[in-house]
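File shown: input.tsv (TSV, C-alpha atoms).
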```tsv
chain	number	residue	atom	x	y	z
A	1	MET	CA	65.90	113.99	28.34
A	2	LYS	CA	63.40	116.07	30.25
A	3	LYS	CA	60.48	114.23	31.79
A	4	GLN	CA	58.11	115.84	29.32
A	5	LEU	CA	58.95	117.04	25.86
A	6	GLU	CA	56.64	119.12	23.70
A	7	VAL	CA	57.40	118.89	20.02
A	8	ARG	CA	55.96	120.89	17.15
A	9	LEU	CA	56.63	119.69	13.60
A	10	SER	CA	55.89	122.39	11.05
A	11	GLY	CA	56.20	122.87	7.34
A	12	ALA	CA	54.09	122.98	4.22
A	13	GLY	CA	50.98	120.91	3.63
A	14	GLY	CA	51.91	117.70	1.82
A	15	GLN	CA	55.28	117.29	3.54
A	16	GLY	CA	53.94	114.42	5.62
A	17	LEU	CA	54.29	116.02	9.03
A	18	ILE	CA	51.09	114.57	10.44
A	19	LEU	CA	52.36	111.10	9.60
A	20	ALA	CA	55.72	112.02	11.15
A	21	GLY	CA	53.93	113.05	14.34
A	22	ILE	CA	51.98	109.80	14.48
A	23	ILE	CA	55.15	107.78	13.94
A	24	LEU	CA	56.98	109.71	16.66
A	25	ALA	CA	54.15	109.16	19.15
A	26	GLU	CA	54.01	105.45	18.34
A	27	ALA	CA	57.79	105.17	18.78
A	28	ALA	CA	57.40	106.71	22.23
A	29	LEU	CA	54.81	104.07	23.02
A	30	TYR	CA	57.27	101.32	22.04
A	31	ASP	CA	59.74	102.97	24.44
A	32	GLU	CA	57.16	102.54	27.23
A	33	LYS	CA	56.48	106.25	27.37
A	34	ASN	CA	53.19	108.08	27.07
A	35	ALA	CA	52.42	110.29	24.12
A	36	ILE	CA	49.71	112.46	22.68
A	37	GLN	CA	49.72	113.43	19.05
A	38	SER	CA	47.40	116.08	17.71
A	39	GLN	CA	46.60	118.47	14.93
A	40	SER	CA	44.51	121.59	15.18
A	41	TYR	CA	42.56	122.82	12.22
A	42	GLY	CA	41.40	126.37	12.48
A	43	PRO	CA	41.78	129.66	10.69
A	44	GLU	CA	45.56	129.39	11.06
A	45	ALA	CA	45.54	126.02	9.28
A	46	ARG	CA	44.03	127.60	6.17
A	47	GLY	CA	47.23	129.32	5.13
A	48	GLY	CA	49.02	126.37	3.54
A	49	SER	CA	51.37	125.62	6.39
A	50	SER	CA	50.86	122.46	8.36
A	51	ARG	CA	51.80	121.43	11.84
A	52	ALA	CA	51.61	118.36	14.00
A	53	GLU	CA	52.25	118.26	17.71
A	54	VAL	CA	53.51	115.50	19.94
A	55	ILE	CA	53.91	115.44	23.69
A	56	ILE	CA	56.14	112.66	24.99
A	57	SER	CA	56.37	111.96	28.67
A	58	ASP	CA	57.60	109.39	31.15
A	59	ASN	CA	54.48	110.12	33.15
A	60	GLU	CA	50.81	110.64	32.53
A	61	ILE	CA	50.13	113.70	30.40
A	62	HIS	CA	47.69	116.10	32.03
A	63	TYR	CA	47.28	118.94	29.61
A	64	PRO	CA	47.17	117.55	26.10
A	65	LYS	CA	48.08	120.65	24.15
A	66	VAL	CA	51.48	121.98	23.21
A	67	ILE	CA	51.88	125.50	24.59
A	68	SER	CA	55.61	126.22	24.52
A	69	PRO	CA	57.43	123.66	22.43
A	70	ASN	CA	60.78	122.38	23.64
A	71	VAL	CA	61.54	121.34	20.10
A	72	LEU	CA	60.41	123.15	16.98
A	73	VAL	CA	61.02	121.49	13.64
A	74	SER	CA	60.47	123.75	10.63
A	75	LEU	CA	60.90	122.62	7.05
A	76	THR	CA	59.85	125.94	5.54
A	77	GLN	CA	60.52	129.62	6.18
A	78	ASP	CA	56.80	130.33	6.54
A	79	SER	CA	56.30	127.78	9.25
A	80	TYR	CA	59.44	128.92	11.07
A	81	ASN	CA	58.26	132.54	10.99
A	82	LYS	CA	54.89	131.49	12.29
A	83	TYR	CA	56.00	129.41	15.26
A	84	LYS	CA	59.39	130.72	16.35
A	85	GLY	CA	57.80	133.11	18.84
A	86	GLU	CA	56.15	130.47	20.99
A	87	LEU	CA	59.14	128.43	22.09
A	88	ALA	CA	60.13	127.39	25.59
A	89	GLU	CA	63.21	129.17	26.93
A	90	ASP	CA	65.53	126.20	26.56
A	91	ALA	CA	64.05	125.06	23.27
A	92	ILE	CA	65.97	123.66	20.36
A	93	LEU	CA	65.23	124.29	16.73
A	94	ILE	CA	65.72	121.78	13.95
A	95	VAL	CA	65.26	123.51	10.62
A	96	ASP	CA	65.88	122.84	6.99
A	97	GLU	CA	68.99	124.63	5.76
A	98	THR	CA	66.85	126.74	3.43
A	99	VAL	CA	65.27	128.39	6.48
A	100	GLU	CA	66.89	131.67	7.47
A	101	VAL	CA	67.24	131.99	11.22
A	102	GLU	CA	68.01	135.25	13.04
A	103	ALA	CA	71.70	135.50	13.92
A	104	ASP	CA	70.94	136.59	17.50
A	105	ILE	CA	68.43	133.84	18.28
A	106	LYS	CA	68.75	132.50	21.82
A	107	HIS	CA	67.78	128.93	21.09
A	108	THR	CA	70.08	126.17	19.97
A	109	VAL	CA	69.65	125.81	16.23
A	110	TYR	CA	70.42	122.76	14.09
A	111	GLN	CA	70.30	123.53	10.40
A	112	LEU	CA	70.31	120.51	8.13
A	113	PRO	CA	69.71	119.87	4.41
A	114	LEU	CA	66.68	117.70	5.18
A	115	LEU	CA	64.75	118.44	2.00
A	116	GLU	CA	67.85	118.13	-0.16
A	117	ILE	CA	68.86	114.78	1.30
A	118	ALA	CA	65.42	113.44	0.50
A	119	ARG	CA	65.34	114.94	-2.98
A	120	VAL	CA	68.89	114.13	-4.08
A	121	GLU	CA	69.66	110.84	-2.34
A	122	LEU	CA	66.18	109.32	-2.06
A	123	ARG	CA	62.79	110.74	-2.99
A	124	PRO	CA	61.25	114.10	-2.02
A	125	VAL	CA	58.32	112.37	-0.36
A	126	VAL	CA	60.50	110.93	2.42
A	127	ALA	CA	61.68	114.31	3.73
A	128	ASN	CA	59.46	113.72	6.77
A	129	ILE	CA	61.27	110.49	7.59
A	130	VAL	CA	64.70	112.05	7.01
A	131	THR	CA	63.56	114.69	9.50
A	132	LEU	CA	62.60	112.07	12.06
A	133	GLY	CA	66.04	110.46	11.76
A	134	ALA	CA	67.71	113.80	12.47
A	135	PHE	CA	65.27	114.54	15.28
A	136	GLN	CA	66.11	111.23	16.95
A	137	ARG	CA	69.86	111.81	16.75
A	138	ILE	CA	69.60	115.33	18.16
A	139	THR	CA	67.03	114.86	20.91
A	140	GLY	CA	67.43	111.19	21.81
A	141	CYS	CA	63.88	111.33	23.15
A	142	VAL	CA	62.91	108.06	21.50
A	143	SER	CA	65.19	105.15	20.66
A	144	TYR	CA	66.32	104.63	17.09
A	145	GLU	CA	65.05	101.08	17.19
A	146	SER	CA	61.54	102.06	18.28
A	147	LEU	CA	61.44	104.84	15.73
A	148	GLU	CA	62.42	102.49	12.93
A	149	THR	CA	59.77	100.00	14.00
A	150	ALA	CA	57.15	102.75	14.05
A	151	VAL	CA	58.24	104.00	10.61
A	152	LEU	CA	58.02	100.53	9.08
A	153	ASP	CA	54.57	100.04	10.64
A	154	ARG	CA	53.13	103.18	9.11
A	155	VAL	CA	54.65	103.71	5.66
A	156	PRO	CA	52.97	102.30	2.54
A	157	LYS	CA	53.76	98.71	1.65
A	158	GLY	CA	56.66	98.43	-0.76
A	159	THR	CA	58.35	101.61	0.51
A	160	GLU	CA	59.89	100.11	3.64
A	161	GLU	CA	63.47	100.01	2.34
A	162	LEU	CA	63.28	103.58	1.03
A	163	ASN	CA	61.98	104.84	4.35
A	164	LYS	CA	64.58	102.88	6.30
A	165	GLN	CA	67.26	104.59	4.24
A	166	ALA	CA	65.61	107.96	4.77
A	167	LEU	CA	65.62	107.50	8.53
A	168	ALA	CA	69.28	106.46	8.48
A	169	ALA	CA	70.24	109.37	6.21
A	170	GLY	CA	68.67	111.95	8.52
A	171	HIS	CA	70.29	110.32	11.52
A	172	LYS	CA	73.70	110.37	9.87
A	173	ALA	CA	73.40	114.00	8.74
A	174	ALA	CA	72.59	115.07	12.29
A	175	GLY	CA	75.45	112.98	13.63
A	176	ASP	CA	77.87	114.65	11.22
A	177	LEU	CA	76.62	118.08	12.30
A	178	LEU	CA	76.98	117.25	16.00
A	179	ALA	CA	80.54	115.95	15.40
A	180	ARG	CA	81.72	119.22	13.83
B	1	MET	CA	24.09	120.07	15.04
B	2	LYS	CA	25.41	121.16	18.40
B	3	LYS	CA	27.96	123.93	18.42
B	4	GLN	CA	30.66	121.52	19.55
B	5	LEU	CA	30.77	117.83	18.88
B	6	GLU	CA	33.19	115.42	20.52
B	7	VAL	CA	33.74	112.25	18.55
B	8	ARG	CA	35.58	109.11	19.54
B	9	LEU	CA	36.37	106.55	16.83
B	10	SER	CA	37.33	103.20	18.33
B	11	GLY	CA	38.17	99.75	17.11
B	12	ALA	CA	41.10	97.43	16.62
B	13	GLY	CA	44.57	98.53	15.62
B	14	GLY	CA	44.93	98.38	11.85
B	15	GLN	CA	41.35	99.42	11.10
B	16	GLY	CA	42.50	102.83	9.96
B	17	LEU	CA	40.73	104.89	12.60
B	18	ILE	CA	43.52	107.42	12.99
B	19	LEU	CA	43.31	108.16	9.28
B	20	ALA	CA	39.53	108.36	9.60
B	21	GLY	CA	39.94	110.92	12.37
B	22	ILE	CA	42.33	113.01	10.31
B	23	ILE	CA	39.98	112.92	7.33
B	24	LEU	CA	37.02	113.93	9.49
B	25	ALA	CA	38.93	116.87	10.97
B	26	GLU	CA	40.06	118.01	7.53
B	27	ALA	CA	36.49	117.80	6.24
B	28	ALA	CA	35.42	120.06	9.10
B	29	LEU	CA	38.09	122.53	8.02
B	30	TYR	CA	36.68	122.56	4.48
B	31	ASP	CA	33.30	123.31	6.06
B	32	GLU	CA	34.86	126.41	7.68
B	33	LYS	CA	34.71	124.85	11.13
B	34	ASN	CA	37.48	124.33	13.64
B	35	ALA	CA	38.71	120.89	14.56
B	36	ILE	CA	41.26	119.14	16.69
B	37	GLN	CA	42.23	115.56	16.01
B	38	SER	CA	44.29	113.60	18.49
B	39	GLN	CA	45.46	110.23	19.65
B	40	SER	CA	46.69	109.34	23.08
B	41	TYR	CA	49.21	106.61	23.56
B	42	GLY	CA	49.52	105.34	27.09
B	43	PRO	CA	49.10	102.14	29.05
B	44	GLU	CA	45.53	101.83	27.72
B	45	ALA	CA	46.79	101.96	24.13
B	46	ARG	CA	48.87	98.84	24.67
B	47	GLY	CA	45.89	96.48	24.64
B	48	GLY	CA	45.33	96.21	20.90
B	49	SER	CA	42.39	98.55	20.67
B	50	SER	CA	42.85	101.84	18.95
B	51	ARG	CA	41.06	105.15	19.18
B	52	ALA	CA	41.15	108.50	17.54
B	53	GLU	CA	39.38	111.58	18.74
B	54	VAL	CA	38.03	114.57	16.91
B	55	ILE	CA	36.46	117.73	18.25
B	56	ILE	CA	34.52	119.76	15.71
B	57	SER	CA	33.25	123.19	16.55
B	58	ASP	CA	31.80	126.31	15.00
B	59	ASN	CA	33.90	128.28	17.46
B	60	GLU	CA	37.41	128.20	18.85
B	61	ILE	CA	38.11	125.02	20.78
B	62	HIS	CA	39.37	125.70	24.28
B	63	TYR	CA	39.99	122.33	25.84
B	64	PRO	CA	41.49	120.04	23.24
B	65	LYS	CA	40.67	116.69	24.77
B	66	VAL	CA	37.56	114.59	24.43
B	67	ILE	CA	36.05	113.95	27.86
B	68	SER	CA	32.47	112.83	27.23
B	69	PRO	CA	31.97	111.97	23.58
B	70	ASN	CA	28.73	112.98	21.91
B	71	VAL	CA	29.39	110.33	19.31
B	72	LEU	CA	31.09	107.01	19.93
B	73	VAL	CA	31.94	104.85	16.95
B	74	SER	CA	32.98	101.29	17.80
B	75	LEU	CA	33.95	98.71	15.23
B	76	THR	CA	34.77	96.01	17.78
B	77	GLN	CA	33.20	94.63	20.94
B	78	ASP	CA	36.37	95.31	22.92
B	79	SER	CA	36.46	98.96	22.04
B	80	TYR	CA	32.74	99.34	22.73
B	81	ASN	CA	33.14	97.74	26.15
B	82	LYS	CA	36.04	100.02	26.90
B	83	TYR	CA	34.49	103.35	26.00
B	84	LYS	CA	30.72	102.98	26.45
B	85	GLY	CA	30.91	104.25	30.01
B	86	GLU	CA	32.27	107.66	29.21
B	87	LEU	CA	29.56	109.03	26.95
B	88	ALA	CA	27.71	112.33	27.19
B	89	GLU	CA	24.07	111.99	28.24
B	90	ASP	CA	22.64	112.66	24.82
B	91	ALA	CA	25.31	110.71	22.97
B	92	ILE	CA	24.74	108.56	19.94
B	93	LEU	CA	26.47	105.29	19.22
B	94	ILE	CA	27.43	104.05	15.78
B	95	VAL	CA	28.59	100.46	16.03
B	96	ASP	CA	29.33	97.58	13.77
B	97	GLU	CA	26.50	95.06	13.76
B	98	THR	CA	28.82	92.47	15.30
B	99	VAL	CA	28.96	94.57	18.48
B	100	GLU	CA	26.50	93.49	21.15
B	101	VAL	CA	24.88	96.46	22.83
B	102	GLU	CA	22.93	96.27	26.11
B	103	ALA	CA	19.18	96.19	25.49
B	104	ASP	CA	18.53	98.84	28.13
B	105	ILE	CA	21.13	101.33	26.93
B	106	LYS	CA	19.93	104.93	27.15
B	107	HIS	CA	21.78	106.24	24.14
B	108	THR	CA	20.55	106.20	20.56
B	109	VAL	CA	22.25	103.27	18.85
B	110	TYR	CA	22.85	102.81	15.13
B	111	GLN	CA	24.00	99.29	14.30
B	112	LEU	CA	25.32	98.84	10.80
B	113	PRO	CA	27.21	96.10	8.91
B	114	LEU	CA	30.20	98.40	8.37
B	115	LEU	CA	32.87	95.69	8.33
B	116	GLU	CA	30.76	93.39	6.17
B	117	ILE	CA	30.00	96.08	3.57
B	118	ALA	CA	33.72	96.73	3.24
B	119	ARG	CA	34.61	93.05	3.10
B	120	VAL	CA	31.86	91.80	0.79
B	121	GLU	CA	31.24	94.75	-1.53
B	122	LEU	CA	34.66	96.40	-1.56
B	123	ARG	CA	37.83	95.59	0.37
B	124	PRO	CA	38.24	95.08	4.13
B	125	VAL	CA	40.78	97.88	4.30
B	126	VAL	CA	38.15	100.55	3.51
B	127	ALA	CA	35.97	99.78	6.54
B	128	ASN	CA	37.15	103.08	8.01
B	129	ILE	CA	35.86	105.01	5.00
B	130	VAL	CA	32.56	103.09	4.97
B	131	THR	CA	32.28	104.14	8.61
B	132	LEU	CA	32.85	107.79	7.76
B	133	GLY	CA	30.10	107.65	5.14
B	134	ALA	CA	27.65	106.30	7.71
B	135	PHE	CA	28.85	108.80	10.30
B	136	GLN	CA	28.19	111.68	7.92
B	137	ARG	CA	24.67	110.50	7.11
B	138	ILE	CA	23.77	110.04	10.75
B	139	THR	CA	25.33	113.11	12.33
B	140	GLY	CA	25.41	115.59	9.45
B	141	CYS	CA	28.21	117.34	11.29
B	142	VAL	CA	30.31	117.72	8.14
B	143	SER	CA	29.04	117.99	4.58
B	144	TYR	CA	29.27	114.96	2.30
B	145	GLU	CA	31.12	117.03	-0.27
B	146	SER	CA	33.80	118.16	2.17
B	147	LEU	CA	34.17	114.65	3.51
B	148	GLU	CA	34.64	113.22	0.04
B	149	THR	CA	37.24	115.87	-0.77
B	150	ALA	CA	39.10	115.08	2.45
B	151	VAL	CA	38.96	111.33	1.74
B	152	LEU	CA	40.36	111.76	-1.76
B	153	ASP	CA	43.14	114.00	-0.41
B	154	ARG	CA	44.33	111.45	2.10
B	155	VAL	CA	43.94	107.97	0.63
B	156	PRO	CA	46.79	106.31	-1.30
B	157	LYS	CA	47.06	107.16	-4.97
B	158	GLY	CA	45.23	104.69	-7.16
B	159	THR	CA	42.61	103.88	-4.49
B	160	GLU	CA	40.47	106.98	-5.00
B	161	GLU	CA	37.61	105.23	-6.77
B	162	LEU	CA	37.50	102.41	-4.24
B	163	ASN	CA	37.36	104.87	-1.36
B	164	LYS	CA	34.72	106.99	-3.07
B	165	GLN	CA	32.56	103.87	-3.36
B	166	ALA	CA	33.26	103.01	0.27
B	167	LEU	CA	32.11	106.43	1.43
B	168	ALA	CA	28.95	106.18	-0.67
B	169	ALA	CA	28.23	102.64	0.55
B	170	GLY	CA	28.42	103.65	4.22
B	171	HIS	CA	26.28	106.69	3.54
B	172	LYS	CA	23.66	104.60	1.79
B	173	ALA	CA	23.56	101.92	4.50
B	174	ALA	CA	22.95	104.58	7.13
B	175	GLY	CA	20.29	106.19	4.97
B	176	ASP	CA	18.50	102.85	4.61
B	177	LEU	CA	18.62	102.34	8.38
B	178	LEU	CA	17.24	105.82	9.07
B	179	ALA	CA	14.41	105.26	6.56
B	180	ARG	CA	13.18	102.10	8.29
```

File written out as structure tokens:
Amino acid sequence: MKKQLEVRLSGAGGQGLILAGIILAEAALYDEKNAIQSQSYGPEARGGSSRAEVIISDNEIHYPKVISPNVLVSLTQDSYNKYKGELAEDAILIVDETVEVEADIKHTVYQLPLLEIARVELRPVVANIVTLGAFQRITGCVSYESLETAVLDRVPKGTEELNKQALAAGHKAAGDLLAR
Amino acid sequence: MKKQLEVRLSGAGGQGLILAGIILAEAALYDEKNAIQSQSYGPEARGGSSRAEVIISDNEIHYPKVISPNVLVSLTQDSYNKYKGELAEDAILIVDETVEVEADIKHTVYQLPLLEIARVELRPVVANIVTLGAFQRITGCVSYESLETAVLDRVPKGTEELNKQALAAGHKAAGDLLAR
């Protein structure tokens, strides 16, 4: 992994992306890295799309704002359209398979049925955790073990097993895609 | 209120301060303001104290990191000791009454039984929401109505009434203190 990774998680309000960002940052902490997690609320947040940002670094983080994400996660077409223009040159995209991506896009794109896995195999509400599982498998920027610990720390009591399965399902789906 | 307010919420891990920060930022959004909410995870986050930061502004926010808070909230002695040195000159302090504050401190200090109100009148877990109620009454930097809406949006289903009472209880305690 690069020494510093800027991640933007985007989708619709209610998809749990702020929680996903917090979990990701806390997983980085367990991995002895530094992290900053943030949300901005301004005119652009009033449209119904939601985003959370995480910077993960082996070193101290000097500028705490994501400028050009190295990883953009988009669960909806709207959020993809909104943020696709701001990516770093070598960025990767992790998008739900319902998101249409330009055929000539220069970035590496991973399209996965994240929402469907949650809805069909588990519960819609864990799409954010499915997404984190896929994110971990693709980027490797936090360890699976730390991520699972952070998930179990943060999800509501009584939903631990569901969320553990969600994380594993996202991880597996990404692994299957990478193996193709 | 000042055009830009930097708020640091500090306490022990598990006191729900990250959620409080998110709720406060979302309340600012309802008030048509801009806000950035963030957490940093680094060596200093490994000690057991927790902090969340919120910047609320009438205008666009240029530098997204809290440097010298205008408001420091501390629910524990440890977190007070850690952050008291970094305040803006005209800062105000909102602390739990169990926190010992230097007699010669230059800042305006509001000491309130935030943890006790939650524990005795409600449930310990809502101390963060009690704190937000007091914060609103003292600073006025978001409207009570927006704050209540943001609280009800974010708390677990089935706990809405409890959290509504918690917000009102903190608000009332601060009002009583101000009226003395």

Query raised in the report: Residues at most 8 Å from Ser40 (chain B), counting all atoms listed in the file, excluding those fewer than 2 positions away in the same chain, as a list in words?
Result: Asn34, Ala35, Ile36 and Gln37 of chain A; Ser38, Gly42, Ala45 and Ala52 of chain B

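Our summary of the geometry notes that CA of Ile67 (chain A) is positioned 15.7 Å from CA of Tyr41 (chain A).
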
Using all atoms listed in the file, I'd like a table of the residues in chain B that come within 12 Å of chain A; for each, show the closest atom pair and its distance in Å rounded to one decimal, ordered by chain and ascending number, as a Markdown table.
```
| residue | atom | partner | partner_atom | distance |
| --- | --- | --- | --- | --- |
| B:Gly13 | CA | A:Asp153 | CA | 11.3 |
| B:Gly14 | CA | A:Asp153 | CA | 9.9 |
| B:Gly16 | CA | A:Arg154 | CA | 10.7 |
| B:Ile18 | CA | A:Ile22 | CA | 8.9 |
| B:Leu19 | CA | A:Leu19 | CA | 9.5 |
| B:Gly21 | CA | A:Gln39 | CA | 10.4 |
| B:Ile22 | CA | A:Gln39 | CA | 8.3 |
| B:Ile23 | CA | A:Tyr41 | CA | 11.3 |
| B:Leu24 | CA | A:Tyr41 | CA | 10.8 |
| B:Ala25 | CA | A:Tyr41 | CA | 7.1 |
| B:Glu26 | CA | A:Tyr41 | CA | 7.2 |
| B:Ala27 | CA | A:Tyr41 | CA | 9.9 |
| B:Ala28 | CA | A:Tyr41 | CA | 8.3 |
| B:Leu29 | CA | A:Tyr41 | CA | 6.1 |
| B:Tyr30 | CA | A:Arg46 | CA | 9.1 |
| B:Asp31 | CA | A:Gly42 | CA | 10.8 |
| B:Glu32 | CA | A:Gly42 | CA | 8.1 |
| B:Lys33 | CA | A:Gly42 | CA | 7.0 |
| B:Asn34 | CA | A:Gly42 | CA | 4.6 |
| B:Ala35 | CA | A:Tyr41 | CA | 4.9 |
| B:Ile36 | CA | A:Ser40 | CA | 4.3 |
| B:Gln37 | CA | A:Gln39 | CA | 5.4 |
| B:Ser38 | CA | A:Ser38 | CA | 4.1 |
| B:Gln39 | CA | A:Gln37 | CA | 5.4 |
| B:Ser40 | CA | A:Ile36 | CA | 4.4 |
| B:Tyr41 | CA | A:Ala35 | CA | 4.9 |
| B:Gly42 | CA | A:Asn34 | CA | 4.6 |
| B:Pro43 | CA | A:Asn34 | CA | 7.5 |
| B:Glu44 | CA | A:Asn34 | CA | 9.9 |
| B:Ala45 | CA | A:Leu29 | CA | 8.4 |
| B:Arg46 | CA | A:Leu29 | CA | 8.1 |
| B:Gly47 | CA | A:Leu29 | CA | 11.8 |
| B:Ser50 | CA | A:Glu26 | CA | 11.7 |
| B:Arg51 | CA | A:Ile36 | CA | 11.9 |
| B:Ala52 | CA | A:Ser38 | CA | 9.8 |
| B:Glu53 | CA | A:Ser38 | CA | 9.3 |
| B:Val54 | CA | A:Ser38 | CA | 9.5 |
| B:Ile55 | CA | A:Ser40 | CA | 9.4 |
| B:Ile56 | CA | A:Tyr41 | CA | 9.3 |
| B:Ser57 | CA | A:Gly42 | CA | 9.6 |
| B:Asp58 | CA | A:Gly42 | CA | 9.9 |
| B:Asn59 | CA | A:Gly42 | CA | 9.2 |
| B:Glu60 | CA | A:Gly42 | CA | 7.7 |
| B:Ile61 | CA | A:Gly42 | CA | 9.0 |
| B:His62 | CA | A:Lys65 | CA | 10.1 |
| B:Tyr63 | CA | A:Lys65 | CA | 8.4 |
| B:Pro64 | CA | A:Lys65 | CA | 6.7 |
| B:Lys65 | CA | A:Pro64 | CA | 6.7 |
| B:Val66 | CA | A:Pro64 | CA | 10.2 |
| B:Ile67 | CA | A:Pro64 | CA | 11.8 |
| B:Asp153 | CA | A:Gly14 | CA | 9.8 |
| B:Arg154 | CA | A:Gly14 | CA | 9.8 |
| B:Val155 | CA | A:Pro156 | CA | 10.8 |
| B:Pro156 | CA | A:Pro156 | CA | 8.3 |
| B:Lys157 | CA | A:Pro156 | CA | 10.7 |
```

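Taking CA of Ala166 (chain A) and CA of Ala127 (chain A) as endpoints, the distance between them is 7.5 Å.
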
Close residues, Thr131 (chain B) itself excluded, 12 Å, all atoms listed in the file, min 5 positions apart in chain, as a ChimeraX atom specification: /B:9-11,15-17,19-21,23-24,72-75,94-97,110-118,124-126,136-139,147,151,163,165-174

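The interatomic distance for the pair CA of Arg119 (chain B) and CA of Glu100 (chain B) works out to 19.8 Å.
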
Need the shell around region 83-87 of chain A: protein/DNA/RNA residues with any atom at most 8 Å away, counting only C-alpha atoms. Skip same-chain ones fewer than 4 positions apart. Format as an mmCIF file with C-alpha atoms, keeping the file's coordinate frame?
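What ended up in result-v1.cif:
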```
data_model
loop_
_atom_site.group_PDB
_atom_site.id
_atom_site.type_symbol
_atom_site.label_atom_id
_atom_site.label_comp_id
_atom_site.auth_asym_id
_atom_site.auth_seq_id
_atom_site.Cartn_x
_atom_site.Cartn_y
_atom_site.Cartn_z
ATOM 1 C CA ILE A 67 51.880 125.500 24.590
ATOM 2 C CA SER A 68 55.610 126.220 24.520
ATOM 3 C CA PRO A 69 57.430 123.660 22.430
ATOM 4 C CA ASN A 70 60.780 122.380 23.640
ATOM 5 C CA VAL A 71 61.540 121.340 20.100
ATOM 6 C CA LEU A 72 60.410 123.150 16.980
ATOM 7 C CA SER A 79 56.300 127.780 9.250
ATOM 8 C CA ALA A 91 64.050 125.060 23.270
#
```

From the list B:Ala103, B:Leu178, B:Ala88, B:Ile129, the nearest residue to Glu160 (chain B) using only C-alpha atoms is B:Ile129

Shortest contact to Asp90 (chain B), candidates B:Asp104, B:Asp176, B:Asp78, B:Glu6, atoms counted all atoms listed in the file, goes to B:Glu6
